[in-house]
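This is upload-v4.txt. It holds compact mmCIF, C-alpha atoms.
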# COMPACT_ATOMS: atom_id res chain seq x y z
CA MET A 1 -48.96 -13.57 -54.06
CA LYS A 2 -48.75 -12.51 -57.75
CA ARG A 3 -52.46 -11.65 -57.71
CA ILE A 4 -52.06 -9.41 -54.65
CA SER A 5 -49.14 -7.55 -56.21
CA LEU A 6 -51.15 -7.06 -59.45
CA LEU A 7 -54.05 -5.50 -57.51
CA VAL A 8 -51.74 -3.01 -55.79
CA LEU A 9 -50.11 -2.05 -59.09
CA THR A 10 -53.48 -1.59 -60.81
CA ALA A 11 -54.78 0.71 -58.03
CA ILE A 12 -51.70 2.90 -58.17
CA THR A 13 -51.86 3.13 -61.98
CA LEU A 14 -55.54 4.14 -61.95
CA TYR A 15 -54.86 6.83 -59.38
CA SER A 16 -51.93 8.24 -61.31
CA CYS A 17 -53.91 8.43 -64.56
CA GLY A 18 -56.98 9.93 -62.95
CA GLY A 19 -58.89 6.74 -63.47
CA GLY A 20 -61.06 7.31 -60.44
CA GLY A 21 -63.95 8.64 -62.62
CA GLY A 22 -63.43 12.27 -61.72
CA THR A 23 -62.16 15.31 -63.65
CA ASP A 24 -58.45 15.37 -64.57
CA LEU A 25 -56.42 17.06 -61.78
CA GLN A 26 -54.49 19.38 -64.06
CA THR A 27 -57.74 20.54 -65.76
CA VAL A 28 -59.19 21.50 -62.37
CA LEU A 29 -56.04 23.35 -61.40
CA ASP A 30 -55.97 25.23 -64.70
CA GLY A 31 -59.63 26.28 -64.26
CA LYS A 32 -58.76 28.05 -60.98
CA ASP A 33 -62.28 27.41 -59.74
CA LEU A 34 -62.00 27.23 -55.91
CA THR A 35 -65.19 25.16 -55.55
CA ALA A 36 -64.02 22.66 -58.16
CA ILE A 37 -60.55 22.46 -56.58
CA ARG A 38 -62.08 21.72 -53.16
CA GLU A 39 -64.33 19.06 -54.62
CA LYS A 40 -61.32 17.48 -56.38
CA ARG A 41 -59.36 17.50 -53.11
CA ASN A 42 -62.21 15.76 -51.25
CA GLU A 43 -62.41 13.21 -54.05
CA ILE A 44 -58.66 12.43 -53.84
CA ALA A 45 -58.80 12.25 -50.01
CA SER A 46 -61.60 9.71 -50.26
CA GLN A 47 -59.56 7.69 -52.74
CA GLN A 48 -56.57 7.85 -50.39
CA LYS A 49 -58.58 6.35 -47.52
CA GLU A 50 -59.83 3.59 -49.80
CA LEU A 51 -56.24 2.85 -50.91
CA GLU A 52 -54.98 2.77 -47.30
CA MET A 53 -57.72 0.30 -46.43
CA ASP A 54 -56.78 -1.85 -49.43
CA ILE A 55 -53.10 -1.75 -48.44
CA TYR A 56 -54.00 -2.81 -44.86
CA LYS A 57 -55.97 -5.77 -46.24
CA LEU A 58 -53.12 -6.68 -48.54
CA ASP A 59 -50.60 -6.55 -45.65
CA SER A 60 -52.82 -8.83 -43.59
CA VAL A 61 -52.95 -11.41 -46.36
CA ILE A 62 -49.17 -11.13 -46.90
CA ALA A 63 -48.58 -11.78 -43.19
CA LEU A 64 -50.71 -14.93 -43.39
CA LEU A 65 -49.06 -16.28 -46.54
CA ASP A 66 -45.39 -15.29 -45.91
CA ASP A 67 -43.76 -17.84 -43.56
CA SER A 68 -40.56 -15.78 -43.17
CA ALA A 69 -42.48 -13.01 -41.38
CA LYS A 70 -43.26 -15.37 -38.48
CA LEU A 71 -39.75 -16.72 -37.90
CA PRO A 72 -38.31 -16.17 -34.41
CA LEU A 73 -35.35 -13.81 -34.32
CA VAL A 74 -32.17 -15.17 -32.73
CA THR A 75 -28.52 -14.29 -32.36
CA THR A 76 -25.69 -16.80 -32.40
CA ILE A 77 -22.22 -17.18 -30.97
CA GLU A 78 -19.48 -19.27 -32.52
CA ALA A 79 -18.08 -22.03 -30.32
CA LYS A 80 -14.31 -21.63 -30.09
CA THR A 81 -11.68 -23.53 -28.16
CA GLU A 82 -9.77 -21.38 -25.66
CA ASN A 83 -7.71 -21.68 -22.52
CA PHE A 84 -9.84 -22.07 -19.39
CA ASP A 85 -8.46 -21.62 -15.87
CA HIS A 86 -10.80 -22.51 -13.03
CA TYR A 87 -10.18 -21.06 -9.58
CA LEU A 88 -11.24 -22.33 -6.18
CA GLU A 89 -12.26 -19.32 -4.07
CA LEU A 90 -11.45 -19.33 -0.35
CA GLN A 91 -11.17 -16.83 2.50
CA GLY A 92 -8.16 -16.32 4.75
CA ASP A 93 -6.17 -13.90 6.89
CA VAL A 94 -2.60 -12.77 6.46
CA THR A 95 -0.23 -13.99 9.16
CA THR A 96 3.51 -14.18 9.76
CA LYS A 97 5.73 -16.59 11.60
CA GLN A 98 7.86 -13.67 12.77
CA ASN A 99 5.47 -11.59 14.83
CA VAL A 100 6.67 -11.77 18.43
CA LEU A 101 6.68 -9.94 21.74
CA ILE A 102 10.13 -9.37 23.25
CA TYR A 103 10.45 -9.85 27.03
CA PRO A 104 13.34 -8.92 29.35
CA GLU A 105 15.52 -11.75 30.64
CA ILE A 106 16.55 -10.04 33.89
CA SER A 107 14.90 -7.69 36.37
CA GLY A 108 15.91 -4.06 36.48
CA THR A 109 15.24 -0.53 35.29
CA LEU A 110 14.88 0.01 31.55
CA TYR A 111 17.96 2.19 31.33
CA ARG A 112 17.82 3.16 27.65
CA VAL A 113 15.52 2.58 24.64
CA TYR A 114 17.35 2.94 21.31
CA VAL A 115 14.51 2.45 18.81
CA LYS A 116 11.06 3.87 18.08
CA GLU A 117 7.83 2.53 16.59
CA GLY A 118 7.95 1.88 12.85
CA GLN A 119 11.74 1.68 12.76
CA LYS A 120 13.38 -1.05 10.70
CA VAL A 121 15.94 -3.09 12.62
CA SER A 122 18.41 -5.84 11.76
CA LYS A 123 18.90 -9.17 13.47
CA GLY A 124 21.04 -8.72 16.59
CA GLN A 125 20.61 -4.94 16.69
CA LEU A 126 20.54 -3.42 20.21
CA LEU A 127 17.03 -2.29 21.06
CA ALA A 128 17.28 -1.37 24.75
CA SER A 129 19.51 -1.68 27.85
CA ILE A 130 18.53 -2.72 31.37
CA ASP A 131 20.45 -1.57 34.44
CA ASP A 132 22.47 -4.68 35.37
CA GLY A 133 22.82 -3.75 39.07
CA GLY A 134 26.63 -3.83 39.10
CA LEU A 135 27.09 -7.04 37.16
CA SER A 136 29.38 -5.27 34.68
CA SER A 137 31.75 -4.27 37.50
CA GLN A 138 31.80 -7.83 38.80
CA LEU A 139 32.56 -9.05 35.32
CA ALA A 140 35.51 -6.69 35.06
CA GLN A 141 36.93 -8.03 38.33
CA MET A 142 36.44 -11.60 37.17
CA LYS A 143 38.26 -10.89 33.94
CA THR A 144 41.21 -9.49 35.93
CA GLN A 145 41.29 -12.60 38.06
CA ALA A 146 41.03 -14.75 34.94
CA ALA A 147 43.98 -12.90 33.41
CA LEU A 148 46.07 -13.57 36.55
CA ALA A 149 45.06 -17.23 36.54
CA LYS A 150 46.10 -17.48 32.87
CA THR A 151 49.49 -15.93 33.56
CA THR A 152 50.08 -18.34 36.45
CA PHE A 153 49.04 -21.30 34.32
CA ASP A 154 51.25 -20.26 31.40
CA ARG A 155 54.31 -19.97 33.68
CA GLN A 156 53.60 -23.26 35.42
CA LYS A 157 53.15 -24.92 32.05
CA ARG A 158 56.56 -23.73 30.82
CA LEU A 159 58.22 -24.99 34.03
CA TRP A 160 56.49 -28.33 33.70
CA GLU A 161 57.66 -28.63 30.10
CA GLN A 162 61.24 -28.06 31.43
CA ASN A 163 60.71 -30.75 34.07
CA ILE A 164 60.76 -28.11 36.79
CA GLY A 165 58.16 -28.31 39.54
CA SER A 166 55.65 -31.00 40.38
CA GLU A 167 52.76 -32.26 38.28
CA ILE A 168 50.30 -31.30 40.98
CA GLN A 169 51.36 -27.66 40.74
CA TYR A 170 50.78 -27.72 36.99
CA LEU A 171 47.35 -29.32 37.33
CA GLU A 172 46.28 -26.91 40.08
CA ALA A 173 47.25 -23.91 37.93
CA LYS A 174 45.37 -25.37 34.93
CA THR A 175 42.25 -26.10 36.96
CA ALA A 176 42.24 -22.63 38.53
CA TYR A 177 42.53 -20.99 35.10
CA GLU A 178 39.77 -23.08 33.53
CA ALA A 179 37.46 -22.49 36.50
CA GLN A 180 38.00 -18.75 36.32
CA GLU A 181 37.30 -18.77 32.56
CA SER A 182 34.04 -20.60 33.18
CA VAL A 183 33.01 -18.03 35.80
CA VAL A 184 33.78 -15.21 33.39
CA ASN A 185 31.72 -16.84 30.63
CA GLN A 186 28.77 -17.30 32.96
CA MET A 187 28.95 -13.68 34.06
CA GLN A 188 29.23 -12.47 30.46
CA SER A 189 26.10 -14.44 29.64
CA GLN A 190 24.32 -12.84 32.59
CA VAL A 191 25.45 -9.33 31.66
CA ALA A 192 24.38 -9.92 28.03
CA LYS A 193 20.81 -10.38 29.25
CA SER A 194 20.77 -6.71 30.20
CA SER A 195 20.90 -5.88 26.47
CA ILE A 196 17.68 -6.48 24.54
CA ARG A 197 18.48 -7.31 20.90
CA ALA A 198 16.35 -7.99 17.81
CA PRO A 199 15.83 -11.75 17.31
CA PHE A 200 15.36 -11.22 13.56
CA SER A 201 15.23 -8.43 11.01
CA GLY A 202 11.91 -6.60 10.91
CA ILE A 203 9.97 -3.53 12.03
CA ILE A 204 9.36 -2.34 15.58
CA ASP A 205 5.58 -2.41 15.60
CA ASP A 206 5.15 -1.26 19.22
CA VAL A 207 7.35 0.10 22.02
CA ILE A 208 5.38 -1.15 25.01
CA LYS A 209 7.55 -0.04 27.95
CA ASP A 210 8.93 3.47 28.37
CA GLN A 211 12.47 4.31 29.36
CA GLY A 212 12.84 4.24 33.15
CA THR A 213 10.26 1.52 33.71
CA VAL A 214 11.16 -1.32 36.04
CA VAL A 215 10.87 -4.59 34.13
CA SER A 216 11.24 -8.25 34.97
CA PRO A 217 10.90 -11.62 33.19
CA GLY A 218 7.40 -13.04 32.87
CA ALA A 219 3.96 -12.28 31.51
CA GLY A 220 2.94 -8.64 31.37
CA SER A 221 6.51 -7.35 31.04
CA GLU A 222 6.85 -7.34 27.26
CA VAL A 223 8.97 -4.43 26.02
CA PHE A 224 8.63 -4.53 22.21
CA ARG A 225 6.61 -6.12 19.44
CA ILE A 226 8.65 -6.84 16.33
CA VAL A 227 7.16 -7.96 13.01
CA ASN A 228 8.81 -9.20 9.85
CA LEU A 229 6.60 -8.15 6.89
CA SER A 230 8.79 -9.92 4.33
CA ASN A 231 7.82 -13.42 5.47
CA MET A 232 4.02 -13.32 5.52
CA TYR A 233 1.62 -15.99 4.35
CA ILE A 234 -2.04 -17.01 4.24
CA GLN A 235 -3.22 -20.36 5.55
CA VAL A 236 -6.57 -21.56 4.22
CA ASP A 237 -8.70 -24.67 4.77
CA VAL A 238 -9.25 -26.53 1.49
CA PRO A 239 -12.10 -29.09 1.19
CA GLU A 240 -10.77 -32.64 0.93
CA SER A 241 -12.45 -33.09 -2.47
CA HIS A 242 -9.80 -30.77 -3.93
CA LEU A 243 -6.89 -32.81 -2.55
CA PRO A 244 -5.73 -34.07 -6.02
CA ASN A 245 -5.89 -30.58 -7.58
CA VAL A 246 -4.52 -28.22 -4.91
CA THR A 247 -0.82 -29.08 -4.72
CA PRO A 248 2.42 -27.13 -4.09
CA GLY A 249 3.30 -24.91 -7.04
CA LYS A 250 -0.29 -24.19 -8.11
CA ASN A 251 -0.89 -20.58 -9.20
CA VAL A 252 -2.82 -18.40 -6.76
CA ARG A 253 -4.39 -14.97 -7.09
CA VAL A 254 -4.86 -13.09 -3.82
CA TYR A 255 -7.13 -10.05 -3.50
CA PHE A 256 -7.28 -7.77 -0.46
CA PRO A 257 -10.73 -6.08 -0.30
CA VAL A 258 -9.66 -3.45 2.24
CA THR A 259 -6.73 -2.09 0.24
CA GLY A 260 -7.93 -3.07 -3.23
CA ASP A 261 -4.53 -4.67 -3.98
CA SER A 262 -3.91 -7.98 -5.71
CA VAL A 263 -0.86 -10.23 -5.83
CA THR A 264 0.01 -13.37 -7.78
CA THR A 265 1.80 -16.17 -5.94
CA LYS A 266 1.90 -19.97 -5.65
CA VAL A 267 0.94 -22.61 -3.10
CA ARG A 268 4.02 -23.16 -0.92
CA GLN A 269 2.92 -26.29 0.89
CA THR A 270 -0.16 -28.34 1.74
CA GLY A 271 -1.03 -30.21 4.92
CA ASN A 272 -0.74 -33.96 5.31
CA PHE A 273 -3.70 -34.28 7.65
CA ILE A 274 -7.45 -34.13 6.99
CA LYS A 275 -9.24 -32.30 9.79
CA PRO A 276 -12.15 -34.50 10.92
CA GLY A 277 -14.23 -31.51 12.02
CA ASN A 278 -14.66 -29.89 8.59
CA ARG A 279 -13.05 -32.51 6.29
CA SER A 280 -10.39 -30.14 5.02
CA PHE A 281 -6.62 -29.81 4.77
CA THR A 282 -4.47 -26.68 5.04
CA ALA A 283 -2.66 -24.88 2.24
CA GLU A 284 0.03 -22.29 2.93
CA ILE A 285 0.37 -19.44 0.45
CA PRO A 286 3.26 -16.95 0.76
CA VAL A 287 2.32 -13.29 0.34
CA PRO A 288 5.00 -10.84 -0.78
CA SER A 289 4.84 -7.44 0.91
CA LYS A 290 3.57 -4.80 -1.48
CA ASN A 291 4.68 -1.29 -0.53
CA GLY A 292 4.08 -2.13 3.12
CA LYS A 293 0.29 -2.15 2.63
CA ILE A 294 -0.13 -5.84 3.39
CA LYS A 295 -0.13 -6.43 7.13
CA PRO A 296 -0.76 -9.36 9.49
CA ASN A 297 -4.44 -10.24 10.09
CA LEU A 298 -5.53 -8.48 6.88
CA THR A 299 -8.51 -10.26 5.27
CA ALA A 300 -7.77 -11.82 1.89
CA LYS A 301 -9.74 -13.51 -0.88
CA VAL A 302 -7.71 -16.46 -2.17
CA MET A 303 -8.29 -17.96 -5.64
CA ILE A 304 -6.34 -21.19 -6.25
CA ASN A 305 -6.03 -22.52 -9.81
CA ASP A 306 -7.34 -26.08 -9.36
CA TYR A 307 -8.17 -26.89 -13.00
CA THR A 308 -6.88 -25.88 -16.45
CA ASN A 309 -8.13 -26.84 -19.93
CA GLU A 310 -6.15 -25.38 -22.83
CA SER A 311 -8.82 -26.27 -25.44
CA ALA A 312 -12.09 -25.67 -23.64
CA ILE A 313 -15.38 -24.54 -25.19
CA LEU A 314 -17.15 -21.97 -23.01
CA ILE A 315 -20.74 -20.77 -23.37
CA PRO A 316 -23.02 -18.57 -21.21
CA GLN A 317 -24.81 -20.51 -18.48
CA SER A 318 -28.02 -18.61 -19.27
CA ILE A 319 -28.58 -20.45 -22.58
CA VAL A 320 -28.30 -23.95 -21.09
CA SER A 321 -31.66 -25.69 -20.45
CA GLU A 322 -32.50 -28.96 -18.74
CA ASN A 323 -35.18 -31.50 -19.64
CA ALA A 324 -37.24 -33.79 -17.41
CA GLU A 325 -34.56 -36.51 -17.57
CA GLY A 326 -31.98 -34.12 -16.18
CA GLU A 327 -30.16 -33.75 -19.51
CA GLN A 328 -28.71 -30.36 -20.32
CA TYR A 329 -29.11 -29.02 -23.82
CA VAL A 330 -28.65 -25.99 -26.08
CA TYR A 331 -29.77 -25.12 -29.60
CA LEU A 332 -27.34 -25.05 -32.51
CA VAL A 333 -27.96 -23.46 -35.90
CA GLY A 334 -28.16 -25.77 -38.91
CA SER A 335 -29.43 -25.45 -42.50
CA ASP A 336 -32.56 -26.85 -44.12
CA SER A 337 -31.81 -29.49 -46.77
CA THR A 338 -34.60 -28.18 -49.02
CA SER A 339 -33.90 -24.45 -48.66
CA SER A 340 -31.38 -21.93 -47.38
CA ASP A 341 -33.35 -21.30 -44.20
CA ALA A 342 -31.63 -21.63 -40.79
CA ILE A 343 -32.90 -24.41 -38.53
CA ALA A 344 -32.64 -24.68 -34.73
CA LYS A 345 -31.19 -28.07 -33.74
CA LYS A 346 -31.31 -29.36 -30.19
CA ALA A 347 -27.96 -30.62 -28.88
CA VAL A 348 -27.63 -32.53 -25.61
CA ILE A 349 -24.42 -31.46 -23.88
CA LYS A 350 -22.29 -32.41 -20.90
CA THR A 351 -20.93 -29.55 -18.84
CA GLY A 352 -17.88 -29.26 -16.60
CA LYS A 353 -16.54 -26.44 -14.46
CA THR A 354 -18.16 -23.01 -14.20
CA GLN A 355 -16.45 -19.67 -13.75
CA GLY A 356 -18.51 -16.53 -13.42
CA ASP A 357 -21.24 -16.50 -16.11
CA LEU A 358 -19.54 -19.13 -18.30
CA VAL A 359 -19.71 -22.91 -18.23
CA GLU A 360 -17.33 -25.41 -19.81
CA VAL A 361 -18.84 -27.79 -22.39
CA ILE A 362 -17.17 -31.20 -22.33
CA SER A 363 -19.23 -32.82 -25.11
CA GLY A 364 -22.12 -32.04 -27.45
CA ILE A 365 -20.61 -28.97 -29.13
CA GLU A 366 -17.72 -28.86 -31.57
CA ASN A 367 -15.31 -26.07 -32.40
CA GLY A 368 -16.93 -23.74 -34.96
CA ASP A 369 -20.56 -24.64 -34.18
CA GLY A 370 -23.07 -21.80 -34.13
CA VAL A 371 -24.86 -21.73 -30.78
CA ILE A 372 -28.13 -19.79 -30.38
CA ASP A 373 -27.66 -17.13 -27.72
CA GLU A 374 -30.50 -14.58 -27.57
CA GLY A 375 -33.80 -16.31 -28.28
CA ALA A 376 -32.57 -19.71 -27.11
CA ARG A 377 -35.53 -20.06 -24.72
CA SER A 378 -38.15 -19.37 -27.42
CA VAL A 379 -37.19 -21.84 -30.17
CA LYS A 380 -37.95 -25.52 -30.70
CA ASP A 381 -36.02 -28.38 -32.23
CA GLY A 382 -36.28 -28.29 -36.04
CA GLN A 383 -37.89 -24.81 -36.12
CA LYS A 384 -36.87 -22.32 -38.78
CA VAL A 385 -35.25 -19.19 -37.34
CA LYS A 386 -34.01 -15.85 -38.60
CA ILE A 387 -30.50 -14.93 -37.49
CA LEU A 388 -29.85 -11.32 -36.55
CA THR A 389 -26.39 -9.95 -37.12
CA VAL A 390 -25.12 -8.16 -34.02
CA GLU A 391 -22.57 -5.44 -34.74

Full structure transcribed into structure tokens:
Amino acid sequence: MKRISLLVLTAITLYSCGGGGGTDLQTVLDGKDLTAIREKRNEIASQQKELEMDIYKLDSVIALLDDSAKLPLVTTIEAKTENFDHYLELQGDVTTKQNVLIYPEISGTLYRVYVKEGQKVSKGQLLASIDDGGLSSQLAQMKTQAALAKTTFDRQKRLWEQNIGSEIQYLEAKTAYEAQESVVNQMQSQVAKSSIRAPFSGIIDDVIKDQGTVVSPGAGSEVFRIVNLSNMYIQVDVPESHLPNVTPGKNVRVYFPVTGDSVTTKVRQTGNFIKPGNRSFTAEIPVPSKNGKIKPNLTAKVMINDYTNESAILIPQSIVSENAEGEQYVYLVGSDSTSSDAIAKKAVIKTGKTQGDLVEVISGIENGDGVIDEGARSVKDGQKVKILTVE
């Protein structure tokens, strides 16, 4: 190496001093002889080509003798412990336990409809009235008769308490009053069926029958659809292998591809039965309504947190290799005992869960180790490498 450097230095010195055997450059310039100047230029150009050829030869020898010029270039990442949450991804549809069709309980003409589609209603609110066919008038008469029976009973009771009259008269008056009360209650129950009321608080999703339509109990006579959007949930089938990890209270992230919305919730309950058909159990996940955008039957992507490691080491899956024995390995960066050069060291690892492009390393790598990232596929165990600093 010292000999090559000496040759380069000697050539440059000779050129600078005009040691090429020709006339001194400044003398030619001072003579202002065009022919001599051109000859001097051709002479220097020839010397330049010879020097370039010598430099090329020198570079070739340097490349052969300098080991550092042949080192593979790599980048490294530092292994650090961090929190790792793994999510089980499933597909499901939004549903609600309060999504019902409301049917009439008696036959008659739909006398009046008090609500419209999209209207919020409260439990017990009057939605529509059906013509009761004179039942209200009959009820009024029955109430009058019940009032008379009560008056008769009260008077007979006072007389009986004063030991006036017979016991049979008292019992007859009491029986007549109680029978009339029972008839009134039955008629009130019948008349109440002419009023259609909300079974729970929610939203009128559809007004199916128009005012003036003749309706009757039974299939095909539904009048309203009412939905409660505040009590929705998603039920998903979870593979039985996740039975120990998917339990009530586990965190869940739900994404709705159609609306682009996401919500965070928890597993409300899990099933106690393994379905023999697909070897799975059910998990119920409540979904809070978000600005009314989330609706029944909406497709959802459910991600259940089934595993957490607060001190996990994560590395890219792309740098993990596998040998013929099925062992997984990566290359760490170490130092040469005889020099300051970096050395690639093969490390057999054991991996755990994966999430996206990252994989959890259970053993084989310690916190703070330098792991070869770019160039990991082109190095060998014990090979010297050159580490590039990535800014």

- Find, counting only C-alpha atoms, the residue in A:Gln26, A:Ser201, A:Asn231, A:Ser129 that gets nearest to Pro296 (chain A). A:Asn231

- Query: Do you have the CA of Arg225 (chain A)-CA of Ile102 (chain A) distance handy?
  - Reply: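 We find that CA of Arg225 (chain A) and CA of Ile102 (chain A) lie 6.1 Å from each other.
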
- Excluding region 105-111 of chain A and residues on its chain fewer than 3 positions from it, collect all residues at most 6 Å away from it, counting all atoms listed in the file, and give them as a VMD selection string. chain A and resid 129 to 131 193 211 to 217

- Message: (-25.6, -32.3, -22.1) in this file's frame - what residues fall within 12 Å of it? Use only C-alpha atoms and give the answer as a ChimeraX atom specification.
- Response: /A:320-323,325-331,346-352,359-365

Take the residues from that selection and put them in a file with C-alpha atoms, as an mmCIF file, keeping the file's coordinate frame.
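Just written: result_22.cif:
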data_model
loop_
_atom_site.group_PDB
_atom_site.id
_atom_site.type_symbol
_atom_site.label_atom_id
_atom_site.label_comp_id
_atom_site.auth_asym_id
_atom_site.auth_seq_id
_atom_site.Cartn_x
_atom_site.Cartn_y
_atom_site.Cartn_z
ATOM 1 C CA VAL A 320 -28.300 -23.950 -21.090
ATOM 2 C CA SER A 321 -31.660 -25.690 -20.450
ATOM 3 C CA GLU A 322 -32.500 -28.960 -18.740
ATOM 4 C CA ASN A 323 -35.180 -31.500 -19.640
ATOM 5 C CA GLU A 325 -34.560 -36.510 -17.570
ATOM 6 C CA GLY A 326 -31.980 -34.120 -16.180
ATOM 7 C CA GLU A 327 -30.160 -33.750 -19.510
ATOM 8 C CA GLN A 328 -28.710 -30.360 -20.320
ATOM 9 C CA TYR A 329 -29.110 -29.020 -23.820
ATOM 10 C CA VAL A 330 -28.650 -25.990 -26.080
ATOM 11 C CA TYR A 331 -29.770 -25.120 -29.600
ATOM 12 C CA LYS A 346 -31.310 -29.360 -30.190
ATOM 13 C CA ALA A 347 -27.960 -30.620 -28.880
ATOM 14 C CA VAL A 348 -27.630 -32.530 -25.610
ATOM 15 C CA ILE A 349 -24.420 -31.460 -23.880
ATOM 16 C CA LYS A 350 -22.290 -32.410 -20.900
ATOM 17 C CA THR A 351 -20.930 -29.550 -18.840
ATOM 18 C CA GLY A 352 -17.880 -29.260 -16.600
ATOM 19 C CA VAL A 359 -19.710 -22.910 -18.230
ATOM 20 C CA GLU A 360 -17.330 -25.410 -19.810
ATOM 21 C CA VAL A 361 -18.840 -27.790 -22.390
ATOM 22 C CA ILE A 362 -17.170 -31.200 -22.330
ATOM 23 C CA SER A 363 -19.230 -32.820 -25.110
ATOM 24 C CA GLY A 364 -22.120 -32.040 -27.450
ATOM 25 C CA ILE A 365 -20.610 -28.970 -29.130
#

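If only C-alpha atoms are the atoms counted, then among A:Ile168, A:Val371, A:Ile315, A:Val184 the closest residue to Ile343 (chain A) is A:Val371.
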
- Message: One number please: CA of Ile319 (chain A) to CA of Asp85 (chain A), in Å, one decimal.
- Response: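 Result for CA of Ile319 (chain A) versus CA of Asp85 (chain A): 21.2 Å, one decimal.
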
- Query: Just how far from CA of Lys174 (chain A) is CA of Phe153 (chain A), in Å to one decimal?
  - Reply: 5.5 Å

- Task: Identify, on the basis of all atoms listed in the file, every residue whose closest approach to Phe224 (chain A) does not exceed 9 Å; exclude the query and any residue fewer than 3 positions from it along the same chain; express the result as a count of residues only.
- Result: 11

- Message: With only C-alpha atoms as the counted atoms, please give the residues lying no more than 10 Å from region 269-285 of chain A, apart from itself and same-chain residues fewer than 2 positions off, as a list of chain:residue names.
- Response: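 So, after excluding close chain neighbours, the residues are A:Val94, A:Met232, A:Tyr233, A:Ile234, A:Gln235, A:Val236, A:Asp237, A:Val238, A:Pro239, A:Glu240, A:Ser241, A:His242, A:Leu243, A:Val246, A:Thr247, A:Pro248, A:Gly249, A:Lys250, A:Asn251, A:Val252, A:Arg253, A:Val254, A:Thr265, A:Lys266, A:Val267, A:Val287, A:Pro288, A:Val302, A:Ile304.
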
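With distances restricted to only C-alpha atoms, A:Ser230 is the closest residue to Gln98 (chain A) from A:Ser230, A:Ser136, A:Ser195, A:Gln180.
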
- Across A:Asp132, A:Glu161, A:Glu366, A:Asp154, the smallest distance to Tyr177 (chain A), with all atoms listed in the file counted, is shown by A:Asp154

- From A:Gln156, A:Ser122, A:Asn185, A:Thr354, residue lying nearest Glu172 (chain A) [all atoms listed in the file]: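 Of A:Gln156, A:Ser122, A:Asn185, A:Thr354, the one nearest Glu172 (chain A) is A:Gln156, counting all atoms listed in the file.
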
- Message: Taking 4 positions as the minimum chain separation for residues in the same chain, which residues sit within 9 Å of Glu82 (chain A) when counting only C-alpha atoms? Answer as a PyMOL selection string.
- Response: chain A and resi 309-314

- Hey, which of A:Tyr56, A:Lys150, A:Thr175, A:Asp24 ends up closest to Arg41 (chain A)? Count all atoms listed in the file.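 That would be A:Asp24, the residue with the smallest distance to Arg41 (chain A).
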
- Message: Residues proximal to (-9.0, -14.9, 4.5) were defined as those with any atom within 6 Å of that point in the file's coordinates, counting all atoms listed in the file. Which are they, as a PyMOL selection string?
- Response: chain A and resi 91-93+299-301
